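A quick write-up on the structure given underneath.
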Amino acid sequence: MHRIQPVRSPLYNLSLFKLGFVTAQLLPRAVSQRIADRFALWSLRNVPSIGAALRGNLGVATGRQGAALESLVRENVCAFSRMFADYFLCAGDRATRAREFVAEWSGLDHLEAARARGKGTILVTGHLGHWELGGLLLALSGLPLTVVTLPEPTPELMHWREASRRRLGIETIAVGPGHDFAFVEMLRVLRGNGVLAMLVDRPYSGTGMPVRQFGRETQFSTAAAMLAHHTGASIVPAFVLRRADSRYCASAHAPIEQESGPLRETLQPNVQRIADLFESLIRRHPEQWFNYVPLFSHS
C-alpha cells in the first residue's frame with residue numbers, strides 16, 4: 001500500500017517564519033512578492049526533494065513532460081512562496097488585512113445552509129490555494145471555527161501558529177501521535193454545531209485510505225467521512241485561489257453527498273467522492289497545488 005510521507009523541510013522552521021513576518025511588515029506587498037519569487041527559485045535549486053516531488057505529482061496530474069513540466073514546477077514554487085508572503089502580511093494582529101486581498105466570495109449560501117441544519121459543518125480543503133487565508137476570512141466573519149492540524153516540526157512553531165489563530169478566536173485540534181482524544185474533540189465541536197476545518201489530501205500514517213486520482217492510487221484522510229457518518233454534519237469543500245491580478249477568490253462548494261449505510265461499506269466510496277472533487281479543481285489550478293511530497297504509487 002502506498003503511504004504518503006510527512007514533510008520534513010529544513011525551510012519549515014520558526015526562525016524563517018519570524019523573518020518572513022518581519023520582512024512582510026516592513027516592505028510593500030509588491031516587493032515582498034518579488035523577494036518571495038527569488039526565495040522560491042533558490043529553494044528549488046538547493047532543496048532537491050522539492051523539485052523531485054513536484055515533477056512526480058504535477059507530471060501525473062497534468063501529463064506534462066520536459067520543458068513544459070519544468071515551467072509549471074517553477075510557477076508552482078513561486079506561487080507557494082507568494083502565498084506565504086501574504087500569510088505573513090496577515091499574521092497575528094494584522095489579520096484584518098486578509099480582506100484587502102480577496103476580490104470575490106462565492107458559495108457562502110452553502111455554509112449558511114449547512115449551519116442551519118444544526119448538525120455541524122466540516123469544511124474540507126487541501127494543499128490547493130491559500131488555505132490559511134480562508135481560515136482567517138471565516139474567523140473574521142464570525143464563524144465559530146476550529147482547525148484540525150498536524151503538529152508542526154517543532155513545538156515552538158506549533159505554539160507560534162496556534163497563538164496567531166487564537167487571537168482571532170480560532171481553536172486548534174492537533175492530531176497525530178500523542179493526541180489520542182482528537183477525534184472526540186472533533187465530535188464535540190460538530191455536536192455543538194461548530195465549524196471544523198481540515199486538510200484531507202495528505203493524511204498522517206494510519207488515518208488515510210486508498211483512492212484514485214489521475215488514474216493513480218494515493219491516500220486521502222477518512223476523518224471527514226467518518227465524522228459525517230457519526231454526526232450527520234455537512235461536508236462543504238472550500239478553497240481560496242489566487243487570480244491573475246494577485247488577488248484571491250474564496251469559494252465554498254455545495255456539500256458532498258455521502259452514501260448512507262454501514263460505515264464499513266460506505267467509507268471508501270464517500271472518501272473517493274471527496275477525492276474526485278479535489279481532482280477536478282487541481283486539473284484547473286495545478287500551479288496552486290502545493291503538495292511537496294510524493295503522492296502517487298507507480299501502479
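Chain identifiers are assigned as A, B, and so on, following the order in which chains appear in the C-alpha cells; residues are numbered from 1 within each chain, and ligands are numbered from 1 in order of appearance.
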### Task
For Phe278 in chain A, list every protein, DNA or RNA residue within 9 Å, evaluated using only C-alpha atoms, and leave out those in the same chain fewer than 5 positions away; present the list as a PyMOL selection string.
chain A and resi 125-126+128+201+213+237+273+283
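Among the candidate residues A:Ser234, A:Ser141, A:Thr149, A:Thr121, the one lying nearest to Pro255 in chain A is A:Ser234, with distances computed using only C-alpha atoms.
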#### Entry: Shell around Pro144 in chain A at 12 Å using only C-alpha atoms, local window under 2 positions removed, as a ChimeraX atom specification
/A:115,120-122,135-142,146-147,166,168-172,189-190,192-197
Kindly export the residues of the current selection with C-alpha atoms, as a CSV table (one decimal), in the first residue's frame.
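Contents of the output file selection_39.csv:
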chain,number,residue,atom,x,y,z
A,115,ARG,CA,-25.1,25.6,9.7
A,120,GLY,CA,-22.2,20.9,12.4
A,121,THR,CA,-20.2,21.7,9.3
A,122,ILE,CA,-17.0,20.0,8.1
A,135,GLY,CA,-9.4,30.3,7.8
A,136,LEU,CA,-8.7,34.0,8.6
A,137,LEU,CA,-11.6,35.2,6.4
A,138,LEU,CA,-14.1,32.8,8.0
A,139,ALA,CA,-13.0,33.8,11.5
A,140,LEU,CA,-13.2,37.5,10.7
A,141,SER,CA,-16.8,36.8,9.5
A,142,GLY,CA,-17.7,35.5,13.0
A,146,THR,CA,-11.9,25.1,14.8
A,147,VAL,CA,-8.9,24.0,12.7
A,166,ARG,CA,-6.2,32.1,18.9
A,168,LEU,CA,-8.9,35.6,16.1
A,169,GLY,CA,-10.9,33.1,18.1
A,170,ILE,CA,-9.8,30.1,16.0
A,171,GLU,CA,-9.4,27.0,18.1
A,172,THR,CA,-6.9,24.3,17.2
A,189,VAL,CA,-17.3,20.6,18.0
A,190,LEU,CA,-19.7,19.3,15.5
A,192,GLY,CA,-22.2,21.9,19.2
A,193,ASN,CA,-23.0,23.0,15.6
A,194,GLY,CA,-19.4,24.3,15.2
A,195,VAL,CA,-17.4,24.6,12.0
A,196,LEU,CA,-14.5,22.2,11.7
A,197,ALA,CA,-11.8,22.9,9.0
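Non-sequential neighbours of range 28-32 of chain A (distance at most 9 Å, separation of 5 or more positions within a chain, only C-alpha atoms) are A:Thr23, A:Asp37, A:Arg82, A:Ala85, A:Asp86, A:Leu89.
Residues in contact with Arg212 in chain A at 12 Å, where only C-alpha atoms are counted and same-chain residues fewer than 6 positions away are skipped, are listed as His2, Val60, Ala61, Asp201, Thr218, Gln219, Phe220, Gln268, Pro269, Val271, Gln272, Arg273, Ile274, Ala275, Asp276, Leu277, Phe278, Glu279, Leu295, Phe296, Ser297 and Ser299 of chain A.
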#### Entry: Those of range 69-124 of chain A in DSSP alpha helix (DSSP H), formatted as a PyMOL selection string
chain A and resi 69-90+98-101+108-116
### Query
Could you pull out all residues of range 58-119 of chain A with a DSSP call of strand (DSSP E) and give them as a VMD selection string?
chain A and resid 102 to 106
If you keep C-alpha atoms, can you produce a file of those selected residues as a tab-separated table (two decimals), in the first residue's frame?
chain	number	residue	atom	x	y	z
A	102	VAL	CA	-9.92	38.92	-1.58
A	103	ALA	CA	-11.65	40.17	-4.72
A	104	GLU	CA	-14.67	37.88	-4.62
A	105	TRP	CA	-16.57	35.42	-2.45
A	106	SER	CA	-18.91	32.74	-3.70
### Task
Compile the contact shell of Gly232 in chain A as a PyMOL selection string: residues with an atom at most 8 Å away, counting only C-alpha atoms, same-chain residues fewer than 3 positions apart removed.
chain A and resi 119-120+227-229
Can you spit out the residues from that selection as a PDB file, in the first residue's frame, using C-alpha atoms?
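That gives us result.pdb:
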ATOM      1  CA  LYS A 119     -25.523  19.224  12.877  1.00  0.00           C
ATOM      2  CA  GLY A 120     -22.161  20.884  12.378  1.00  0.00           C
ATOM      3  CA  LEU A 227     -17.253  12.360  11.276  1.00  0.00           C
ATOM      4  CA  ALA A 228     -20.148  12.961   8.886  1.00  0.00           C
ATOM      5  CA  HIS A 229     -21.270   9.342   9.379  1.00  0.00           C
TER       6      HIS A 229
END
### Query
Interatomic distance between CA of Ser81 in chain A and CA of Ala40 in chain A?
5.7 Å
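Restricting the calculation to only C-alpha atoms, the smallest distance between Gln258 in chain A and any of A:Ile50, A:Leu281, A:Val236, A:Ala67 is found for A:Val236.
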### Task
Just the residues within 10 Å of Phe101 in chain A, please, counting only C-alpha atoms, with nothing from its chain fewer than 6 positions along; format it as a list in words.
Asp86, Cys90, Leu133, Arg242, Ser246, Arg247, Tyr248 and Cys249 of chain A
## Note on the structure
Shortest contact to Arg94 in chain A, candidates A:Arg165, A:His285, A:Leu199, A:Leu187, atoms counted only C-alpha atoms, goes to A:Arg165
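Put simply, CA of Arg188 in chain A is 14.2 Å away from CA of Ala223 in chain A.
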### Message
Counting only C-alpha atoms, which residue out of A:Asn270, A:Gln288, A:Thr222, A:Asn46 sits closest to Leu241 in chain A?
### Response
A:Gln288
